[in-house]
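Q: Mind looking over this structure? Questions follow.
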Amino acid sequence: MLTILTFLLACVSATTATAQTAADYKAGGPVAVMAEKRTATDSVDNLQSSCPRLALRTNLLYDVALVPNVGVEWLANDRWSVALNVMYIWARNDMRHRYWRLFSTDVEARYWLRPQSCGVRTGHHLGLYAGFYRYDFEFGGRGWMGDANYGGGISYGYALRLFPKWRERFTLDLGIGVGYLGGTHKEYIPDQDCYVWQRTMRHHLFIPTKAEATLVWYPRWRLFNKKKGGVQ
């Protein structure tokens, strides 16, 4: 009797499992759920891979002053980014005693007040920066030179979106920084082929040391995982 009951229970269980499997296939069942999960995961991965992690920058204030400059900003996460900027010009006219020379580099860590998970950074930001620069300016009768100058401070800025309907992504980043400026400053007078030194000053100042109206471009660099059969 026990054997017959066991056999009947096994038949009922097998019939129920078969019916459930058929219902799953008819309605999509676990297979459809797995496919939906995989599609959603792939979509998230592709979205994250298409989010720019680097931005290219140029300070329009220096561009107007005929000082070429370029920068790159790394977006570490939704709150933090790090910017590195370099500017360089080494122009001269010995006949007219015109010198326009400047080299500068600075790095800045920024904290964005509004978290932004992907792409273009806009809104308010605070930062800490440090930099190094040297210069040689001469305008006919007098010249000013600085061999090794350095500084750093705190900054505040606000970035706003430009051309929102464009496919490419641009912002205008307006900012100012206040902090320490130190180094040496030399004055000289050109005399034919010679330069007559006048005085050397050492300065230690706490003044505004940073100003920017920077055009920022977030390029659409897409990175996908390559698998068998090409990009998927």
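Each chain of the structure tokens is named A, B, ... in the order shown, its residues numbered from 1; ligands are numbered from 1 in display order.
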So that I can see what lies close to A:Leu102, please list as a ChimeraX atom specification the residues with an atom at most 9 Å from it, counting only C-alpha atoms and leaving out residues fewer than 2 positions away in the same chain.

A: /A:67,87-91,100,104,133-137

Q: Using 8 Å as the limit and counting only C-alpha atoms, can you tabulate each residue of stretch 185-210 of chain A that touches stretch 142-151 of chain A, with its shortest atom-to-atom distance in Å and the two atoms involved, as JSON lines?

A:
{"residue": "A:His185", "atom": "CA", "partner": "A:Gly146", "partner_atom": "CA", "distance": 4.9}
{"residue": "A:Lys186", "atom": "CA", "partner": "A:Met145", "partner_atom": "CA", "distance": 5.1}
{"residue": "A:Glu187", "atom": "CA", "partner": "A:Trp144", "partner_atom": "CA", "distance": 4.7}
{"residue": "A:Tyr188", "atom": "CA", "partner": "A:Gly143", "partner_atom": "CA", "distance": 5.2}
{"residue": "A:Ile189", "atom": "CA", "partner": "A:Arg142", "partner_atom": "CA", "distance": 4.7}
{"residue": "A:Pro190", "atom": "CA", "partner": "A:Arg142", "partner_atom": "CA", "distance": 6.6}
{"residue": "A:Thr209", "atom": "CA", "partner": "A:Gly151", "partner_atom": "CA", "distance": 7.7}

Q: Write out as an mmCIF file with all heavy atoms, in the first residue's frame which residues come within 8 Å of A:Leu215 when counting only C-alpha atoms, dropping same-chain ones fewer than 5 positions away.

A:
data_model
loop_
_atom_site.group_PDB
_atom_site.id
_atom_site.type_symbol
_atom_site.label_atom_id
_atom_site.label_comp_id
_atom_site.auth_asym_id
_atom_site.auth_seq_id
_atom_site.Cartn_x
_atom_site.Cartn_y
_atom_site.Cartn_z
ATOM 1 N N ARG A 57 39.769 71.434 -21.712
ATOM 2 C CA ARG A 57 39.478 72.774 -21.229
ATOM 3 C C ARG A 57 40.423 73.803 -21.851
ATOM 4 O O ARG A 57 41.559 73.480 -22.187
ATOM 5 C CB ARG A 57 39.657 72.835 -19.705
ATOM 6 C CG ARG A 57 38.941 71.783 -18.928
ATOM 7 C CD ARG A 57 39.534 71.532 -17.548
ATOM 8 N NE ARG A 57 39.920 72.757 -16.877
ATOM 9 C CZ ARG A 57 39.074 73.494 -16.141
ATOM 10 N NH1 ARG A 57 37.814 73.099 -15.983
ATOM 11 N NH2 ARG A 57 39.482 74.586 -15.543
ATOM 12 N N THR A 58 39.940 75.041 -21.987
ATOM 13 C CA THR A 58 40.793 76.172 -22.317
ATOM 14 C C THR A 58 40.213 77.412 -21.657
ATOM 15 O O THR A 58 39.000 77.656 -21.719
ATOM 16 C CB THR A 58 40.942 76.375 -23.833
ATOM 17 O OG1 THR A 58 41.834 77.466 -24.082
ATOM 18 C CG2 THR A 58 39.611 76.658 -24.500
ATOM 19 N N ASN A 59 41.080 78.181 -21.010
ATOM 20 C CA ASN A 59 40.658 79.398 -20.312
ATOM 21 C C ASN A 59 40.598 80.551 -21.315
ATOM 22 O O ASN A 59 41.628 80.986 -21.845
ATOM 23 C CB ASN A 59 41.631 79.720 -19.181
ATOM 24 C CG ASN A 59 41.102 80.785 -18.243
ATOM 25 O OD1 ASN A 59 40.272 81.621 -18.614
ATOM 26 N ND2 ASN A 59 41.567 80.758 -17.009
ATOM 27 N N LEU A 60 39.411 81.049 -21.575
ATOM 28 C CA LEU A 60 39.223 82.088 -22.584
ATOM 29 C C LEU A 60 39.887 83.407 -22.192
ATOM 30 O O LEU A 60 40.246 84.203 -23.067
ATOM 31 C CB LEU A 60 37.730 82.306 -22.818
ATOM 32 C CG LEU A 60 36.946 81.074 -23.291
ATOM 33 C CD1 LEU A 60 35.473 81.424 -23.466
ATOM 34 C CD2 LEU A 60 37.521 80.529 -24.590
ATOM 35 N N PHE A 170 29.150 71.036 -24.126
ATOM 36 C CA PHE A 170 30.038 72.126 -23.732
ATOM 37 C C PHE A 170 29.474 72.815 -22.492
ATOM 38 O O PHE A 170 28.259 72.902 -22.308
ATOM 39 C CB PHE A 170 30.185 73.153 -24.849
ATOM 40 C CG PHE A 170 30.875 72.647 -26.074
ATOM 41 C CD1 PHE A 170 30.154 72.069 -27.106
ATOM 42 C CD2 PHE A 170 32.252 72.746 -26.209
ATOM 43 C CE1 PHE A 170 30.778 71.606 -28.252
ATOM 44 C CE2 PHE A 170 32.890 72.281 -27.339
ATOM 45 C CZ PHE A 170 32.158 71.717 -28.360
ATOM 46 N N THR A 171 30.394 73.339 -21.667
ATOM 47 C CA THR A 171 30.001 74.178 -20.545
ATOM 48 C C THR A 171 30.939 75.376 -20.477
ATOM 49 O O THR A 171 32.053 75.356 -21.017
ATOM 50 C CB THR A 171 30.057 73.432 -19.196
ATOM 51 O OG1 THR A 171 31.419 73.032 -18.940
ATOM 52 C CG2 THR A 171 29.162 72.211 -19.213
ATOM 53 N N LEU A 172 30.483 76.425 -19.807
ATOM 54 C CA LEU A 172 31.305 77.588 -19.500
ATOM 55 C C LEU A 172 31.500 77.609 -17.998
ATOM 56 O O LEU A 172 30.535 77.734 -17.235
ATOM 57 C CB LEU A 172 30.645 78.876 -19.975
ATOM 58 C CG LEU A 172 31.442 80.160 -19.720
ATOM 59 C CD1 LEU A 172 32.761 80.133 -20.484
ATOM 60 C CD2 LEU A 172 30.616 81.388 -20.095
ATOM 61 N N ASP A 173 32.762 77.476 -17.579
ATOM 62 C CA ASP A 173 33.093 77.372 -16.155
ATOM 63 C C ASP A 173 33.683 78.701 -15.692
ATOM 64 O O ASP A 173 34.775 79.091 -16.120
ATOM 65 C CB ASP A 173 34.097 76.237 -15.943
ATOM 66 C CG ASP A 173 34.207 75.828 -14.485
ATOM 67 O OD1 ASP A 173 33.654 76.551 -13.635
ATOM 68 O OD2 ASP A 173 34.827 74.793 -14.204
#

Q: Could you find all residues in stretch 58-200 of chain A that DSSP calls strand (DSSP E) from the backbone, and write them as a ChimeraX atom specification?

A: /A:58-59,69-75,80-93,98-112,123-139,143-162,169-191,194-200

Q: As an exercise, work out the distance from atom CA of A:Tyr111 to atom CA of A:Val86 in Å and give it to one decimal place.

A: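 Atom CA of A:Val86 lies 20.9 Å from atom CA of A:Tyr111.
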
Q: Check the smallest atom-to-atom distance from each of A:Val196, A:Leu66, A:Leu75, A:Ala159 to A:Gly141 using only C-alpha atoms, then report the winner.

A: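 Using only C-alpha atoms, the shortest distance to A:Gly141 belongs to A:Val196.
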
Q: Residues at most 7 Å from A:Leu54, counting only C-alpha atoms, excluding those fewer than 2 positions away in the same chain, as JSON, numbers by chain?

A: {"A": [52, 56, 72, 73, 74, 75, 218]}

Q: Record the distance separating atom CA of A:Asp106 and atom CA of A:Ile207, expressed in Å with one decimal.

A: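 Between atom CA of A:Asp106 and atom CA of A:Ile207 the gap is 16.7 Å.
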
Q: Quick one: of A:Thr200, A:Gln116, A:Asn69, A:Ser155, who's nearest to A:Thr184, counting only C-alpha atoms?

A: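 Closest residue, counting only C-alpha atoms: A:Thr200.
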